[in-house]
file structure.cif (mmCIF, C-alpha atoms and all ligand atoms)
data_entry
#
loop_
_atom_site.label_atom_id
_atom_site.label_comp_id
_atom_site.auth_asym_id
_atom_site.auth_seq_id
_atom_site.Cartn_x
_atom_site.Cartn_y
_atom_site.Cartn_z
CA MET A 1 157.46 93.33 94.42
CA ASN A 2 157.07 89.65 93.62
CA VAL A 3 157.75 87.90 96.92
CA LEU A 4 158.28 84.17 97.30
CA ILE A 5 157.37 83.00 100.81
CA THR A 6 158.76 79.55 101.55
CA GLY A 7 156.66 77.86 104.23
CA GLY A 8 153.96 80.22 102.97
CA THR A 9 150.93 78.27 104.18
CA GLY A 10 152.25 78.10 107.77
CA VAL A 11 151.46 80.20 110.82
CA ASN A 12 153.79 83.09 110.02
CA GLY A 13 153.63 82.70 106.24
CA ALA A 14 149.85 83.10 106.17
CA VAL A 15 149.98 86.39 108.08
CA LEU A 16 152.86 87.69 105.98
CA ALA A 17 150.85 86.83 102.85
CA ARG A 18 147.86 88.81 104.18
CA LEU A 19 150.08 91.79 104.92
CA LEU A 20 151.60 91.72 101.42
CA LEU A 21 148.12 91.57 99.90
CA SER A 22 147.05 94.57 101.95
CA GLU A 23 150.10 96.41 100.57
CA GLY A 24 149.06 95.65 96.99
CA ASP A 25 151.43 92.74 96.29
CA ARG A 26 150.43 89.23 95.21
CA PRO A 27 152.76 86.85 97.06
CA VAL A 28 153.75 83.37 95.93
CA LEU A 29 153.30 80.82 98.70
CA PHE A 30 155.74 77.94 98.27
CA ASP A 31 155.12 75.02 100.60
CA ASN A 32 155.30 71.24 100.50
CA ARG A 33 152.06 70.99 102.43
CA MET A 34 148.97 72.32 100.70
CA ASP A 35 147.01 72.86 103.90
CA PHE A 36 144.77 75.87 103.33
CA SER A 37 143.34 76.12 106.84
CA LEU A 38 145.27 79.32 107.65
CA ILE A 39 144.80 80.97 104.27
CA ALA A 40 141.17 80.06 103.56
CA ASP A 41 140.24 83.76 103.32
CA ILE A 42 142.99 84.70 100.83
CA LYS A 43 143.54 81.48 98.90
CA GLU A 44 142.21 82.89 95.63
CA LYS A 45 144.26 86.08 95.90
CA VAL A 46 147.72 84.51 96.19
CA ASP A 47 149.73 82.18 93.97
CA LEU A 48 150.24 78.75 95.47
CA VAL A 49 153.14 76.52 94.52
CA GLU A 50 153.37 73.04 95.96
CA GLY A 51 157.08 72.46 96.24
CA ASP A 52 159.92 71.41 98.47
CA VAL A 53 162.91 73.56 99.40
CA LEU A 54 164.92 70.34 99.00
CA ASP A 55 164.09 70.34 95.28
CA PRO A 56 166.36 72.96 93.61
CA GLU A 57 164.70 72.51 90.23
CA GLY A 58 161.22 73.12 91.65
CA LEU A 59 162.49 76.21 93.43
CA ARG A 60 164.08 77.55 90.26
CA LYS A 61 160.86 76.98 88.32
CA ALA A 62 158.80 78.81 90.93
CA ILE A 63 161.21 81.75 90.92
CA SER A 64 161.38 82.03 87.16
CA ASN A 65 157.67 81.38 86.42
CA HIS A 66 156.60 84.04 88.92
CA HIS A 67 159.38 86.57 88.19
CA ILE A 68 160.33 86.57 91.86
CA THR A 69 162.22 89.66 93.06
CA HIS A 70 162.36 88.98 96.84
CA ILE A 71 162.51 85.86 99.04
CA ALA A 72 161.24 85.42 102.59
CA HIS A 73 162.55 82.01 103.67
CA LEU A 74 160.34 80.59 106.42
CA ALA A 75 160.17 76.86 105.61
CA ALA A 76 161.60 74.78 108.45
CA LEU A 77 160.80 71.95 110.81
CA MET A 78 159.74 73.05 114.27
CA PRO A 79 161.74 71.85 117.32
CA ASP A 80 159.76 68.65 118.04
CA PRO A 81 159.66 67.27 114.47
CA ALA A 82 163.34 68.18 114.07
CA GLU A 83 164.26 66.30 117.27
CA ALA A 84 162.12 63.36 116.13
CA ASN A 85 163.90 63.20 112.77
CA PRO A 86 167.26 64.97 113.08
CA ARG A 87 168.42 64.02 109.59
CA LEU A 88 165.33 65.62 108.03
CA GLY A 89 165.41 68.61 110.40
CA VAL A 90 169.00 69.40 109.38
CA LYS A 91 168.31 68.67 105.70
CA VAL A 92 165.28 70.99 105.47
CA GLY A 93 166.98 73.66 107.56
CA VAL A 94 170.51 73.69 106.21
CA GLU A 95 170.27 72.16 102.73
CA GLY A 96 166.96 73.96 102.16
CA THR A 97 168.60 77.27 103.02
CA VAL A 98 171.56 76.56 100.73
CA ASN A 99 169.09 75.78 97.90
CA ILE A 100 167.39 79.12 98.50
CA LEU A 101 170.73 80.96 98.49
CA GLU A 102 171.85 79.21 95.30
CA ALA A 103 168.54 80.09 93.63
CA ALA A 104 168.96 83.70 94.77
CA ARG A 105 172.43 83.75 93.22
CA ALA A 106 171.24 82.20 89.98
CA TYR A 107 168.35 84.66 89.55
CA ASN A 108 170.10 87.78 90.91
CA ILE A 109 167.69 88.12 93.78
CA PRO A 110 169.52 90.60 95.97
CA ARG A 111 168.18 89.66 99.39
CA VAL A 112 166.94 86.65 101.35
CA VAL A 113 165.15 87.28 104.65
CA PHE A 114 165.52 84.30 106.97
CA THR A 115 163.34 83.53 109.99
CA SER A 116 165.69 82.63 112.81
CA SER A 117 164.85 82.29 116.47
CA LYS A 118 165.85 83.09 120.00
CA ALA A 119 166.76 79.38 120.10
CA VAL A 120 170.21 80.44 118.83
CA TYR A 121 170.88 81.77 122.35
CA GLY A 122 169.72 78.62 124.16
CA GLU A 123 168.89 78.86 127.83
CA ILE A 124 168.77 82.41 129.09
CA VAL A 125 170.43 82.64 132.48
CA GLY A 126 172.33 85.29 134.41
CA GLU A 127 171.36 88.93 134.28
CA CYS A 128 169.25 88.50 131.11
CA GLY A 129 167.03 86.01 132.95
CA TYR A 130 164.95 86.20 136.11
CA PRO A 131 164.84 88.48 138.05
CA LYS A 132 166.77 91.25 136.26
CA PHE A 133 165.71 90.59 132.66
CA VAL A 134 168.38 92.80 131.14
CA PRO A 135 167.27 92.99 127.47
CA VAL A 136 169.00 90.49 125.18
CA LYS A 137 171.01 92.03 122.35
CA GLU A 138 172.14 90.40 119.12
CA ASP A 139 175.67 89.87 120.47
CA HIS A 140 174.39 87.70 123.33
CA PRO A 141 176.42 84.42 123.38
CA GLN A 142 175.03 81.73 121.10
CA LYS A 143 174.67 78.46 122.99
CA PRO A 144 171.80 76.58 121.34
CA ALA A 145 170.26 74.11 123.75
CA ASP A 146 168.50 71.96 121.15
CA LEU A 147 168.82 70.77 117.57
CA TYR A 148 166.43 73.46 116.31
CA GLY A 149 168.70 76.19 117.72
CA ALA A 150 171.79 74.49 116.29
CA ILE A 151 170.12 74.38 112.84
CA LYS A 152 169.27 78.09 113.04
CA VAL A 153 172.88 78.94 113.97
CA SER A 154 174.10 76.83 111.01
CA CYS A 155 171.71 78.53 108.58
CA GLU A 156 172.71 81.98 109.81
CA THR A 157 176.41 81.12 109.49
CA ILE A 158 176.02 79.80 105.93
CA GLY A 159 173.82 82.75 104.99
CA ASN A 160 176.45 85.16 106.30
CA TYR A 161 179.06 83.35 104.21
CA TYR A 162 176.92 83.77 101.07
CA ARG A 163 176.50 87.47 101.82
CA GLU A 164 180.23 87.98 102.11
CA ARG A 165 181.28 85.64 99.30
CA TYR A 166 178.46 86.15 96.77
CA ALA A 167 176.84 89.43 97.86
CA VAL A 168 173.43 87.84 98.48
CA GLU A 169 172.06 90.02 101.28
CA PHE A 170 171.11 87.46 103.90
CA VAL A 171 169.12 88.98 106.76
CA SER A 172 168.39 86.95 109.90
CA LEU A 173 165.44 87.87 112.06
CA ARG A 174 165.66 86.17 115.45
CA PHE A 175 162.17 85.99 116.85
CA ALA A 176 161.12 85.95 120.48
CA SER A 177 158.25 83.61 121.49
CA ILE A 178 155.51 83.92 118.89
CA TYR A 179 151.78 83.38 119.31
CA GLY A 180 149.35 83.38 116.41
CA PRO A 181 146.33 81.60 114.93
CA GLY A 182 147.07 78.01 113.99
CA LYS A 183 149.98 77.59 116.37
CA GLU A 184 148.05 75.36 118.72
CA VAL A 185 147.05 72.94 115.98
CA ARG A 186 150.46 72.96 114.32
CA HIS A 187 152.87 73.27 117.22
CA GLY A 188 150.92 71.90 120.19
CA ALA A 189 152.71 72.14 123.52
CA LEU A 190 155.32 74.44 121.99
CA SER A 191 152.63 77.04 121.86
CA PHE A 192 151.79 77.94 125.45
CA TYR A 193 149.93 81.15 124.58
CA GLY A 194 148.14 79.62 121.59
CA GLN A 195 146.95 76.68 123.68
CA LEU A 196 145.68 79.02 126.36
CA ILE A 197 143.71 81.15 123.89
CA GLU A 198 142.31 78.28 121.83
CA LYS A 199 141.30 76.20 124.87
CA VAL A 200 139.32 79.15 126.19
CA MET A 201 137.75 79.66 122.74
CA ARG A 202 136.61 76.02 122.78
CA GLY A 203 135.06 76.50 126.22
CA GLU A 204 137.54 74.13 127.85
CA GLU A 205 138.69 74.56 131.42
CA VAL A 206 142.25 75.80 131.93
CA ASN A 207 143.95 74.93 135.17
CA LEU A 208 147.62 75.82 135.60
CA PRO A 209 148.84 75.64 139.18
CA GLU A 210 151.80 77.96 138.59
CA GLY A 211 153.47 80.25 136.08
CA GLY A 212 151.10 83.22 135.97
CA ASP A 213 153.95 85.64 136.68
CA GLN A 214 156.44 84.23 134.19
CA ILE A 215 157.76 87.29 132.40
CA ASN A 216 158.55 86.73 128.74
CA ASP A 217 158.76 88.62 125.47
CA ALA A 218 155.73 87.12 123.71
CA MET A 219 155.04 88.66 120.32
CA TYR A 220 152.00 88.44 118.10
CA VAL A 221 152.35 87.05 114.60
CA GLY A 222 151.13 90.37 113.15
CA ASP A 223 154.36 91.99 114.30
CA VAL A 224 156.36 89.03 112.97
CA ALA A 225 154.88 89.60 109.52
CA ARG A 226 155.55 93.34 109.62
CA SER A 227 159.18 92.82 110.59
CA ILE A 228 159.72 90.39 107.68
CA TRP A 229 158.02 92.81 105.30
CA LEU A 230 160.25 95.65 106.51
CA ALA A 231 163.39 93.53 106.17
CA VAL A 232 162.38 92.57 102.63
CA ARG A 233 161.74 96.18 101.59
CA VAL A 234 164.23 98.36 103.40
CA GLU A 235 166.62 99.91 100.89
CA ARG A 236 170.03 99.87 102.48
CA LEU A 237 171.27 97.78 105.35
CA ASN A 238 174.54 97.64 107.21
CA GLN A 239 173.46 95.25 109.94
CA TRP A 240 172.18 91.79 109.06
CA THR A 241 170.94 90.14 112.24
CA PHE A 242 168.08 91.46 114.35
CA ASN A 243 166.28 90.49 117.51
CA ILE A 244 162.55 90.88 116.92
CA GLY A 245 160.07 90.92 119.78
CA THR A 246 157.95 93.39 121.67
CA GLY A 247 160.89 94.73 123.66
CA ARG A 248 158.89 94.34 126.86
CA GLY A 249 157.88 91.55 129.17
CA SER A 250 154.35 90.28 129.55
CA THR A 251 152.96 87.59 131.83
CA PRO A 252 150.42 84.79 131.30
CA LYS A 253 148.22 86.62 133.81
CA GLU A 254 147.91 89.51 131.35
CA PHE A 255 146.67 87.05 128.71
CA VAL A 256 144.14 85.67 131.22
CA THR A 257 142.85 89.16 132.00
CA VAL A 258 142.20 89.85 128.30
CA LEU A 259 140.64 86.42 127.76
CA LYS A 260 138.31 86.90 130.74
CA SER A 261 137.17 90.22 129.31
CA LEU A 262 136.45 88.59 125.93
CA PHE A 263 134.96 85.38 127.39
CA PRO A 264 133.33 86.32 130.70
CA HIS A 265 132.34 82.69 131.36
CA ALA A 266 135.84 81.32 130.75
CA ARG A 267 136.98 78.84 133.38
CA ILE A 268 140.64 79.73 133.92
CA GLU A 269 142.62 79.03 137.06
CA MET A 270 146.21 80.19 136.94
CA GLY A 271 148.51 80.07 139.91
CA PRO A 272 151.22 82.67 140.56
CA GLY A 273 155.00 82.45 140.25
CA LEU A 274 157.38 81.19 137.62
CA SER A 275 157.24 78.12 135.42
CA LYS A 276 158.90 76.82 132.28
CA LEU A 277 155.40 76.89 130.77
CA GLY A 278 155.66 73.40 129.34
CA ARG A 279 159.23 73.70 128.04
CA SER A 280 162.19 71.69 129.29
CA LYS A 281 164.55 74.68 129.36
CA SER A 282 163.94 78.22 130.47
CA SER A 283 164.55 80.70 127.69
CA TYR A 284 162.34 83.45 129.04
CA CYS A 285 163.77 86.86 128.39
CA ILE A 286 163.08 90.28 126.93
CA PHE A 287 164.59 91.25 123.61
CA ASP A 288 166.41 94.49 122.96
CA ILE A 289 164.78 95.57 119.70
CA SER A 290 166.60 98.85 119.25
CA ALA A 291 168.68 97.61 116.28
CA ALA A 292 165.50 96.51 114.45
CA ARG A 293 163.94 99.87 115.22
CA ASP A 294 166.97 101.85 113.99
CA HIS A 295 167.80 99.80 110.88
CA LEU A 296 164.44 98.38 109.77
CA GLY A 297 162.04 100.96 111.17
CA TYR A 298 160.39 98.15 113.16
CA ALA A 299 158.03 99.06 115.99
CA PRO A 300 155.68 96.47 117.47
CA VAL A 301 152.01 97.45 117.36
CA TYR A 302 150.41 94.48 119.13
CA ASP A 303 150.26 94.59 122.90
CA VAL A 304 148.69 91.58 124.67
CA GLU A 305 145.16 92.96 124.37
CA ARG A 306 145.39 93.72 120.66
CA GLY A 307 147.20 90.47 119.92
CA VAL A 308 144.68 88.25 121.72
CA ARG A 309 141.75 90.08 120.14
CA ASP A 310 143.19 89.69 116.66
CA TYR A 311 143.98 86.03 117.33
CA VAL A 312 140.37 85.33 118.35
CA GLU A 313 138.89 87.32 115.45
CA THR A 314 141.17 85.61 112.92
CA ILE A 315 140.26 82.10 114.13
CA ARG A 316 136.56 83.01 113.92
CA ARG A 317 136.99 84.42 110.42
CA LEU A 318 138.92 81.36 109.21
CA ARG A 319 136.27 79.02 110.62
CA ALA A 320 133.49 81.04 109.02
N1 LIG A 401 156.46 80.12 115.75
C1 LIG A 401 157.48 80.53 116.48
O1 LIG A 401 157.36 80.70 117.71
C2 LIG A 401 158.78 80.83 115.83
C3 LIG A 401 159.73 81.46 116.56
C4 LIG A 401 160.91 81.78 115.96
C5 LIG A 401 161.13 81.45 114.63
N2 LIG A 401 160.17 80.82 113.91
C6 LIG A 401 160.45 80.47 112.52
O2 LIG A 401 159.47 81.02 111.65
C7 LIG A 401 159.36 80.18 110.51
C8 LIG A 401 157.91 79.85 110.25
O3 LIG A 401 157.40 79.21 111.40
P1 LIG A 401 155.85 78.93 111.58
O4 LIG A 401 155.54 79.17 113.00
O5 LIG A 401 155.07 79.65 110.54
O6 LIG A 401 155.83 77.35 111.34
P2 LIG A 401 154.83 76.46 110.46
O7 LIG A 401 155.18 75.03 110.80
O8 LIG A 401 153.44 76.90 110.65
O9 LIG A 401 155.29 76.80 108.99
C9 LIG A 401 156.42 76.24 108.39
C10 LIG A 401 155.98 75.84 107.00
O10 LIG A 401 157.12 75.28 106.32
C11 LIG A 401 156.62 74.24 105.50
N3 LIG A 401 157.72 73.33 105.18
C12 LIG A 401 158.34 72.46 106.01
N4 LIG A 401 159.26 71.77 105.33
C13 LIG A 401 159.23 72.21 104.05
C14 LIG A 401 159.94 71.88 102.88
N5 LIG A 401 160.86 70.91 102.89
N6 LIG A 401 159.67 72.54 101.74
C15 LIG A 401 158.70 73.50 101.69
N7 LIG A 401 157.97 73.85 102.78
C16 LIG A 401 158.24 73.21 103.95
C17 LIG A 401 155.55 73.57 106.34
O11 LIG A 401 154.65 72.81 105.55
C18 LIG A 401 154.89 74.76 107.01
O12 LIG A 401 153.76 75.20 106.30
C19 LIG A 401 160.23 78.96 110.76
O13 LIG A 401 161.46 79.12 110.11
C20 LIG A 401 160.41 78.98 112.27
O14 LIG A 401 161.59 78.33 112.64
C21 LIG A 401 158.99 80.50 114.47
#

call {"tool": "encode", "arguments": {"input": "structure.cif", "output": "structure tokens"}}
result
Amino acid sequence: MNVLITGGTGVNGAVLARLLLSEGDRPVLFDNRMDFSLIADIKEKVDLVEGDVLDPEGLRKAISNHHITHIAHLAALMPDPAEANPRLGVKVGVEGTVNILEAARAYNIPRVVFTSSKAVYGEIVGECGYPKFVPVKEDHPQKPADLYGAIKVSCETIGNYYRERYAVEFVSLRFASIYGPGKEVRHGALSFYGQLIEKVMRGEEVNLPEGGDQINDAMYVGDVARSIWLAVRVERLNQWTFNIGTGRGSTPKEFVTVLKSLFPHARIEMGPGLSKLGRSKSSYCIFDISAARDHLGYAPVYDVERGVRDYVETIRRLRA
């Protein structure tokens, strides 16, 4: 397989690239920001293309020069930069996705795997929220509560149109909350779990008066990468949109327990109860991942302990 990963030097792209390498493929990382901090250990083993998804010609060149057979489309602006510059957020999201779909059509690339988000559902209230946490399925009503969610809904809608009209297999993976190395630096307050882990790694004190019991489906980036890889590879599909998470709820307290075992001198105070954990809206929920399991063969392998350990080891390796 020759896989083009747009947004390839980012948090999820870097881990997907490592997974592809471990499977014997040499991915092409296409990104408009040549920041190698998350790929320092694999930089020489991948192909790097500095390019913009808003530049159709550059995309075409990358696809043809590298004989691309599969596309994982990750490039996007995160919620805060998109809110700060709505025109650019929509342009990169929607126009960028159309450019990818047009390139796929032009080069007969049969499938585009798109990284969507639970933001398409917006605030999670009612029986899928506290206290029942009935698992959220793919047919949950879409009521995006921010521009980022609205952009993801638009991209999914256009991608579905291309699948029906032009037979480009557009697969949307809607991710739960993700934590992974680099998130704290890149996404700041958006990354509650990343901030917690990286503050402890730096020896900083963590003091959160409340929120230790906030149940949420928090998934490690290693499972994100595996789900994208599976969606790229799986032979036949007859469902195109999948919720991807751990399928279970974890709490910040569980993260604290693991961190205290790894860093016995960590200074962490975390109060009980619920909290929006730094977000303005509550979207805490648990994903029903049975469709991903049945159609993609997806099964999460990172529980909180394994995820936090891998996070810490990866940061250490990248710094070394
Ligand atoms: N991190 C999460 O919690 C989460 C949750 C759900 C979905 N997602 C989705 O996963 C994807 C990857 O997210 P991430 O966490 O790796 O973010 P990231 O910011 O680390 O990576 C995104 C990458 O896209 C690149 N990019 C931005 N605009 C571009 C453009 N015009 N042309 C080319 N490259 C461009 C950036 O330079 C960056 O490297 C995104 O689509 C995001 O919406 C992330």

call {"tool": "residues_near_ligand", "arguments": {"input": "structure.cif", "ligand": "ligand LIG 401 (chain A)", "cutoff": "6 Å", "atoms": "all atoms listed in the file", "output": "ChimeraX atom specification"}}
result
/A:6-7,9-13,31-33,51-54,74-78,92,115-117,175,177-178

call {"tool": "closest_residue", "arguments": {"input": "structure.cif", "among": "A:Asn99, A:Leu19, A:Pro181, A:Tyr107", "to": "Asn65 in chain A", "atoms": "only C-alpha atoms"}}
result
A:Tyr107

call {"tool": "atom_distance", "arguments": {"input": "structure.cif", "atom1": "CA of Tyr179 in chain A", "atom2": "CA of Arg317 in chain A"}}
result
17.3 Å

call {"tool": "atom_distance", "arguments": {"input": "structure.cif", "atom1": "CA of Asp47 in chain A", "atom2": "CA of His67 in chain A"}}
result
12.1 Å

call {"tool": "closest_residue", "arguments": {"input": "structure.cif", "among": "A:Arg165, A:Arg111, A:Lys43, A:Arg319", "to": "His70 in chain A", "atoms": "only C-alpha atoms"}}
result
A:Arg111

call {"tool": "build_atoms", "arguments": {"input": "structure.cif", "residues": "range 205-216 of chain A", "atoms": "N, CA and C atoms", "output": "mmCIF file, keeping the file's coordinate frame"}}
result
data_model
loop_
_atom_site.group_PDB
_atom_site.id
_atom_site.type_symbol
_atom_site.label_atom_id
_atom_site.label_comp_id
_atom_site.auth_asym_id
_atom_site.auth_seq_id
_atom_site.Cartn_x
_atom_site.Cartn_y
_atom_site.Cartn_z
ATOM 1 N N GLU A 205 138.153 74.035 130.166
ATOM 2 C CA GLU A 205 138.690 74.560 131.420
ATOM 3 C C GLU A 205 140.220 74.617 131.344
ATOM 4 N N VAL A 206 140.788 75.696 131.872
ATOM 5 C CA VAL A 206 142.250 75.800 131.930
ATOM 6 C C VAL A 206 142.655 75.847 133.388
ATOM 7 N N ASN A 207 143.524 74.942 133.775
ATOM 8 C CA ASN A 207 143.950 74.930 135.170
ATOM 9 C C ASN A 207 145.470 74.769 135.232
ATOM 10 N N LEU A 208 146.150 75.856 135.516
ATOM 11 C CA LEU A 208 147.620 75.820 135.600
ATOM 12 C C LEU A 208 148.004 76.242 137.015
ATOM 13 N N PRO A 209 148.566 75.324 137.769
ATOM 14 C CA PRO A 209 148.840 75.640 139.180
ATOM 15 C C PRO A 209 149.868 76.739 139.374
ATOM 16 N N GLU A 210 150.751 76.940 138.406
ATOM 17 C CA GLU A 210 151.800 77.960 138.590
ATOM 18 C C GLU A 210 152.179 78.575 137.250
ATOM 19 N N GLY A 211 152.919 79.665 137.311
ATOM 20 C CA GLY A 211 153.470 80.250 136.080
ATOM 21 C C GLY A 211 152.835 81.565 135.659
ATOM 22 N N GLY A 212 151.818 82.008 136.387
ATOM 23 C CA GLY A 212 151.100 83.220 135.970
ATOM 24 C C GLY A 212 151.960 84.475 135.916
ATOM 25 N N ASP A 213 153.092 84.449 136.638
ATOM 26 C CA ASP A 213 153.950 85.640 136.680
ATOM 27 C C ASP A 213 155.200 85.499 135.815
ATOM 28 N N GLN A 214 155.237 84.457 134.996
ATOM 29 C CA GLN A 214 156.440 84.230 134.190
ATOM 30 C C GLN A 214 156.597 85.313 133.124
ATOM 31 N N ILE A 215 157.528 86.198 133.374
ATOM 32 C CA ILE A 215 157.760 87.290 132.400
ATOM 33 C C ILE A 215 158.427 86.726 131.150
ATOM 34 N N ASN A 216 157.969 87.186 130.003
ATOM 35 C CA ASN A 216 158.550 86.730 128.740
ATOM 36 C C ASN A 216 158.226 87.766 127.668
#
